[in-house]
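See below for the structure under consideration.
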Amino acid sequence: MLTGLNVAVIGGDARQLEVIRRLSEHDANLFLIGFDQLEHGYTGSVKINSHNISLEGMDAVILPVSGTGSEGQVEAVFSAEEIVLTREMVASTPEHCIFYSGMRTKYLEELMEKEKRKLVPILDRDDVAIYNSIPTVEGTIMLVIQHTDFTIHGSNIAVIGFGRTGMSVARTFAALGANVKVGARKQKDLARITEMGMKPFHLSELKDELSSIDICINTVPALVLSSDVLAAMPVHALIIDLASKPGGTDFHYAEKRGMKAILAPGLPGIVAPKTAGQILANALTILLTEQHQLERSMDNGSER
């Protein structure tokens, strides 16, 4: 149980509702910021006006999956007000306060370093990323069906990257009957791709390997689909970029060439917000419970 733990939830989308519900069930003291348009109430929660935000006394602060913008802007779909996480807000928290975000951003990392606060990017956890790959794959299948006039079965698909998401994407499209090739850098990944019955290629061979594909799915958060690579691809090829913003595609050149390229980060929150929220809630419950137990053990030790 999280009895006595003060947790501020700042902004977010429908996924945060599952987080709030779960933490409420575990008896945390919740302070909701950026939820003024949300009619549903949660036991043990208090809504804080966006114009009068105070984080004093908070043991933990939960930010959206997207973290913050380049100037501290916080996404809040349940509020009409702009919310910005400022240095003053962070400085007002106790030194033991931990900030939880879906992903790390430059603004967040610099802010936490200045104020000596701990930042925990939840999507960096292997378990969360692997669970999240499930709705990501389903969303990718949806996009492919919506934006093509041919079947997945028998199509030529290239997946770039063989991390936690890339592996799930490649395996699923292969199971649907597509001819899947996967680009990676590490020899162990190339070996695993072969073992799974797909064609491996090194990313240095990208231009040649993408010259005859129907669909390219990128998971690498770096500019891998540059203009020269895109120029070697068929004009009809559909590109779905699952990497975090700004993605790994030269979207300007793709548009100029007449190619359809879709930047689609955050698919879990779009296609399955309830499931994606439950994944976050499970991880946060574990993390907050560990934090709460550590703080209580330290308190008991100081009393002795």
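As shown in the structure tokens, the chain order sets the letters A, B, ...; within each chain, residues go from 1, and ligands are also counted from 1 in the order they appear.
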Fill in: Spatial neighbours of region 75-80 of chain A, 7 Å, only C-alpha atoms, chain gap at least 3 places, as a PyMOL selection string
chain A and resi 11-13+34-38+64
Worksheet item: How would you write, as a ChimeraX atom specification, the set of residues in region 37-255 of chain A that DSSP gives as strand (DSSP E)?
Response: /A:45-48,60-62,73-74,83-84,98-101,118-121,156-160,179-184,199-202,215-218,238-241
Item to complete: Would you kindly return, as a list in words, each protein, DNA or RNA residue with an atom no farther than 8 Å from any atom of Gly166 (chain A), considering only C-alpha atoms and excluding same-chain residues fewer than 5 positions away?
Response: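 Close residues of Gly166 (chain A): Val159, Ile160, Gly161, Asn218 and Thr219 of chain A.
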Could you save the residues just selected, with N, CA, C and O atoms, as a PDB file, in the first residue's frame?
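Heads up, here's the output in again_33.pdb:
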ATOM      1  N   VAL A 159      12.220  -3.859 -41.585  1.00  0.00           N
ATOM      2  CA  VAL A 159      12.155  -3.288 -40.236  1.00  0.00           C
ATOM      3  C   VAL A 159      13.561  -2.819 -39.881  1.00  0.00           C
ATOM      4  O   VAL A 159      14.519  -3.588 -39.967  1.00  0.00           O
ATOM      5  N   ILE A 160      13.678  -1.563 -39.483  1.00  0.00           N
ATOM      6  CA  ILE A 160      14.984  -1.012 -39.134  1.00  0.00           C
ATOM      7  C   ILE A 160      15.096  -0.949 -37.623  1.00  0.00           C
ATOM      8  O   ILE A 160      14.310  -0.269 -36.958  1.00  0.00           O
ATOM      9  N   GLY A 161      16.065  -1.654 -37.091  1.00  0.00           N
ATOM     10  CA  GLY A 161      16.245  -1.728 -35.643  1.00  0.00           C
ATOM     11  C   GLY A 161      15.690  -3.025 -35.094  1.00  0.00           C
ATOM     12  O   GLY A 161      14.606  -3.464 -35.487  1.00  0.00           O
ATOM     13  N   ASN A 218      10.494   1.924 -39.264  1.00  0.00           N
ATOM     14  CA  ASN A 218      11.708   2.325 -38.539  1.00  0.00           C
ATOM     15  C   ASN A 218      11.464   2.413 -37.044  1.00  0.00           C
ATOM     16  O   ASN A 218      10.455   2.951 -36.597  1.00  0.00           O
ATOM     17  N   THR A 219      12.418   1.891 -36.263  1.00  0.00           N
ATOM     18  CA  THR A 219      12.342   1.995 -34.801  1.00  0.00           C
ATOM     19  C   THR A 219      13.578   2.673 -34.219  1.00  0.00           C
ATOM     20  O   THR A 219      13.688   2.798 -33.005  1.00  0.00           O
TER      21      THR A 219
END
Worksheet item: Which polymer residues have any atom within 12 Å of an atom of Gln187 (chain A), counting only C-alpha atoms, with same-chain residues fewer than 2 positions away left out, as a PyMOL selection string?
Response: chain A and resi 162+183-185+189-194+200-203
Put those residues in a file: N, CA and C atoms, as a compact mmCIF listing (two decimals), in the first residue's frame.
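Printed below is again_10.txt as written:
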# COMPACT_ATOMS: atom_id res chain seq x y z
N PHE A 162 16.44 -3.64 -34.19
CA PHE A 162 16.01 -4.92 -33.62
C PHE A 162 16.03 -4.86 -32.10
N GLY A 183 17.09 -4.78 -40.41
CA GLY A 183 18.40 -4.16 -40.36
C GLY A 183 18.85 -3.90 -38.93
N ALA A 184 20.08 -4.26 -38.63
CA ALA A 184 20.63 -4.06 -37.29
C ALA A 184 22.14 -3.86 -37.42
N ARG A 185 22.79 -3.49 -36.31
CA ARG A 185 24.24 -3.27 -36.32
C ARG A 185 25.00 -4.40 -35.63
N ASP A 189 22.45 -9.59 -32.99
CA ASP A 189 21.10 -9.33 -33.49
C ASP A 189 20.92 -9.93 -34.88
N LEU A 190 21.94 -9.80 -35.70
CA LEU A 190 21.86 -10.38 -37.05
C LEU A 190 21.71 -11.90 -36.96
N ALA A 191 22.40 -12.50 -35.99
CA ALA A 191 22.28 -13.94 -35.79
C ALA A 191 20.88 -14.32 -35.33
N ARG A 192 20.31 -13.54 -34.40
CA ARG A 192 18.97 -13.82 -33.90
C ARG A 192 17.92 -13.66 -34.99
N ILE A 193 18.09 -12.66 -35.84
CA ILE A 193 17.16 -12.45 -36.95
C ILE A 193 17.16 -13.68 -37.86
N THR A 194 18.35 -14.20 -38.14
CA THR A 194 18.46 -15.41 -38.96
C THR A 194 17.78 -16.59 -38.29
N PRO A 200 18.47 -11.02 -42.38
CA PRO A 200 19.17 -9.93 -41.69
C PRO A 200 20.00 -9.11 -42.68
N PHE A 201 20.23 -7.84 -42.36
CA PHE A 201 21.19 -7.05 -43.10
C PHE A 201 21.76 -5.98 -42.17
N HIS A 202 22.99 -5.60 -42.43
CA HIS A 202 23.65 -4.58 -41.62
C HIS A 202 23.16 -3.20 -42.06
N LEU A 203 23.04 -2.29 -41.13
CA LEU A 203 22.52 -0.96 -41.46
C LEU A 203 23.39 -0.21 -42.45
Worksheet entry | Close residues, Gly44 (chain A) itself excluded, 8 Å, only C-alpha atoms, min 6 positions apart in chain, as a list in words |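 Within the cut-off, the hits are Ser24, Asp27, Ala28, Asn29 and Leu30 of chain A.
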Since we have the selection now, will you write its residues out, keeping all heavy atoms, as a PDB file, in the first residue's frame?
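Here's the written file part12.pdb:
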ATOM      1  N   SER A  24      -4.869   5.338  -6.593  1.00  0.00           N
ATOM      2  CA  SER A  24      -5.948   5.606  -5.652  1.00  0.00           C
ATOM      3  C   SER A  24      -6.333   4.331  -4.907  1.00  0.00           C
ATOM      4  O   SER A  24      -6.566   4.348  -3.691  1.00  0.00           O
ATOM      5  CB  SER A  24      -7.164   6.169  -6.396  1.00  0.00           C
ATOM      6  OG  SER A  24      -8.258   6.369  -5.527  1.00  0.00           O
ATOM      7  N   ASP A  27      -4.163   3.649  -2.052  1.00  0.00           N
ATOM      8  CA  ASP A  27      -4.294   4.595  -0.937  1.00  0.00           C
ATOM      9  C   ASP A  27      -3.234   5.688  -0.934  1.00  0.00           C
ATOM     10  O   ASP A  27      -2.895   6.230   0.126  1.00  0.00           O
ATOM     11  CB  ASP A  27      -4.276   3.840   0.400  1.00  0.00           C
ATOM     12  CG  ASP A  27      -4.875   4.676   1.530  1.00  0.00           C
ATOM     13  OD1 ASP A  27      -5.785   5.467   1.251  1.00  0.00           O
ATOM     14  OD2 ASP A  27      -4.414   4.535   2.679  1.00  0.00           O
ATOM     15  N   ALA A  28      -2.694   6.051  -2.098  1.00  0.00           N
ATOM     16  CA  ALA A  28      -1.775   7.188  -2.156  1.00  0.00           C
ATOM     17  C   ALA A  28      -2.569   8.482  -2.048  1.00  0.00           C
ATOM     18  O   ALA A  28      -3.751   8.540  -2.424  1.00  0.00           O
ATOM     19  CB  ALA A  28      -0.992   7.165  -3.459  1.00  0.00           C
ATOM     20  N   ASN A  29      -1.945   9.527  -1.521  1.00  0.00           N
ATOM     21  CA  ASN A  29      -2.550  10.859  -1.509  1.00  0.00           C
ATOM     22  C   ASN A  29      -2.239  11.520  -2.844  1.00  0.00           C
ATOM     23  O   ASN A  29      -1.096  11.880  -3.117  1.00  0.00           O
ATOM     24  CB  ASN A  29      -1.974  11.704  -0.364  1.00  0.00           C
ATOM     25  CG  ASN A  29      -2.234  11.091   0.998  1.00  0.00           C
ATOM     26  OD1 ASN A  29      -3.287  10.495   1.230  1.00  0.00           O
ATOM     27  ND2 ASN A  29      -1.270  11.217   1.900  1.00  0.00           N
ATOM     28  N   LEU A  30      -3.250  11.663  -3.694  1.00  0.00           N
ATOM     29  CA  LEU A  30      -3.036  12.134  -5.060  1.00  0.00           C
ATOM     30  C   LEU A  30      -3.415  13.598  -5.217  1.00  0.00           C
ATOM     31  O   LEU A  30      -4.471  14.038  -4.745  1.00  0.00           O
ATOM     32  CB  LEU A  30      -3.852  11.288  -6.034  1.00  0.00           C
ATOM     33  CG  LEU A  30      -3.490   9.804  -6.125  1.00  0.00           C
ATOM     34  CD1 LEU A  30      -4.435   9.091  -7.078  1.00  0.00           C
ATOM     35  CD2 LEU A  30      -2.051   9.627  -6.569  1.00  0.00           C
TER      36      LEU A  30
END
Worksheet entry | Within 7 Å of Leu2 (chain A) using only C-alpha atoms, minus same-chain residues under 2 positions, as a ChimeraX atom specification | /A:4-5,26-28,289,292
Residue subset to file, keeping all heavy atoms, as a short mmCIF file (atom, residue, chain, number, x, y, z; two decimals), in the first residue's frame:
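File produced: selection-v9.cif:
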data_model
loop_
_atom_site.label_atom_id
_atom_site.label_comp_id
_atom_site.auth_asym_id
_atom_site.auth_seq_id
_atom_site.Cartn_x
_atom_site.Cartn_y
_atom_site.Cartn_z
N GLY A 4 -0.08 7.36 2.87
CA GLY A 4 0.78 8.42 3.36
C GLY A 4 1.73 9.00 2.34
O GLY A 4 2.40 10.00 2.60
N LEU A 5 1.80 8.40 1.14
CA LEU A 5 2.70 8.90 0.10
C LEU A 5 1.99 9.99 -0.70
O LEU A 5 0.91 9.78 -1.23
CB LEU A 5 3.11 7.76 -0.83
CG LEU A 5 4.29 8.04 -1.76
CD1 LEU A 5 5.59 8.08 -0.98
CD2 LEU A 5 4.38 6.98 -2.86
N HIS A 26 -4.39 2.01 -4.17
CA HIS A 26 -3.30 1.71 -3.24
C HIS A 26 -3.16 2.78 -2.16
O HIS A 26 -2.15 2.82 -1.45
CB HIS A 26 -1.98 1.54 -4.00
CG HIS A 26 -1.84 0.20 -4.66
ND1 HIS A 26 -2.56 -0.15 -5.79
CD2 HIS A 26 -1.09 -0.90 -4.35
CE1 HIS A 26 -2.24 -1.38 -6.15
NE2 HIS A 26 -1.36 -1.86 -5.29
N ASP A 27 -4.16 3.65 -2.05
CA ASP A 27 -4.29 4.59 -0.94
C ASP A 27 -3.23 5.69 -0.93
O ASP A 27 -2.90 6.23 0.13
CB ASP A 27 -4.28 3.84 0.40
CG ASP A 27 -4.88 4.68 1.53
OD1 ASP A 27 -5.79 5.47 1.25
OD2 ASP A 27 -4.41 4.54 2.68
N ALA A 28 -2.69 6.05 -2.10
CA ALA A 28 -1.77 7.19 -2.16
C ALA A 28 -2.57 8.48 -2.05
O ALA A 28 -3.75 8.54 -2.42
CB ALA A 28 -0.99 7.17 -3.46
N THR A 289 6.06 1.80 -4.64
CA THR A 289 6.08 0.93 -3.46
C THR A 289 7.52 0.77 -2.96
O THR A 289 7.77 0.84 -1.75
CB THR A 289 5.48 -0.44 -3.78
OG1 THR A 289 4.11 -0.28 -4.19
CG2 THR A 289 5.53 -1.36 -2.56
N HIS A 292 8.50 4.04 -1.35
CA HIS A 292 7.81 4.23 -0.07
C HIS A 292 8.44 3.36 1.02
O HIS A 292 8.66 3.81 2.15
CB HIS A 292 6.33 3.89 -0.25
CG HIS A 292 5.46 4.39 0.86
ND1 HIS A 292 5.69 5.57 1.55
CD2 HIS A 292 4.33 3.86 1.42
CE1 HIS A 292 4.75 5.75 2.46
NE2 HIS A 292 3.92 4.72 2.40
#
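Here CA of His40 (chain A) stands at a distance of 27.7 Å from CA of Pro121 (chain A).
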Item to complete: Using only C-alpha atoms, pick whichever of A:Ala276, A:Leu210, A:Met112, A:Val65 has the shortest atom-to-atom distance to Val9 (chain A).
Response: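 Comparing A:Ala276, A:Leu210, A:Met112, A:Val65 against Val9 (chain A), the winner is A:Val65.
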Fill in: Pro246 (chain A) surroundings by only C-alpha atoms, 9 Å radius, close-in-sequence under 5 positions cut, as number ranges by chain
A: 221-222, 263
Residue selection dump (N, CA, C and O atoms) as a short mmCIF file (atom, residue, chain, number, x, y, z; two decimals), in the first residue's frame:
data_model
loop_
_atom_site.label_atom_id
_atom_site.label_comp_id
_atom_site.auth_asym_id
_atom_site.auth_seq_id
_atom_site.Cartn_x
_atom_site.Cartn_y
_atom_site.Cartn_z
N PRO A 221 15.86 5.77 -33.25
CA PRO A 221 15.70 7.21 -33.00
C PRO A 221 16.90 8.03 -33.48
O PRO A 221 17.52 8.77 -32.72
N ALA A 222 17.25 7.86 -34.74
CA ALA A 222 18.34 8.61 -35.36
C ALA A 222 18.04 8.68 -36.85
O ALA A 222 17.26 7.87 -37.37
N LEU A 263 4.95 9.63 -39.14
CA LEU A 263 5.61 9.59 -37.84
C LEU A 263 4.57 9.15 -36.82
O LEU A 263 3.56 9.82 -36.64
#
Discussion item. From a backbone DSSP assignment, name each residue in region 81-297 of chain A labelled helix (DSSP H, G or I), as a PyMOL selection string.
Written reply: chain A and resi 87-91+106-115+122-124+126-146+164-175+187-195+203-209+227-231+251-257+267-271+273-297
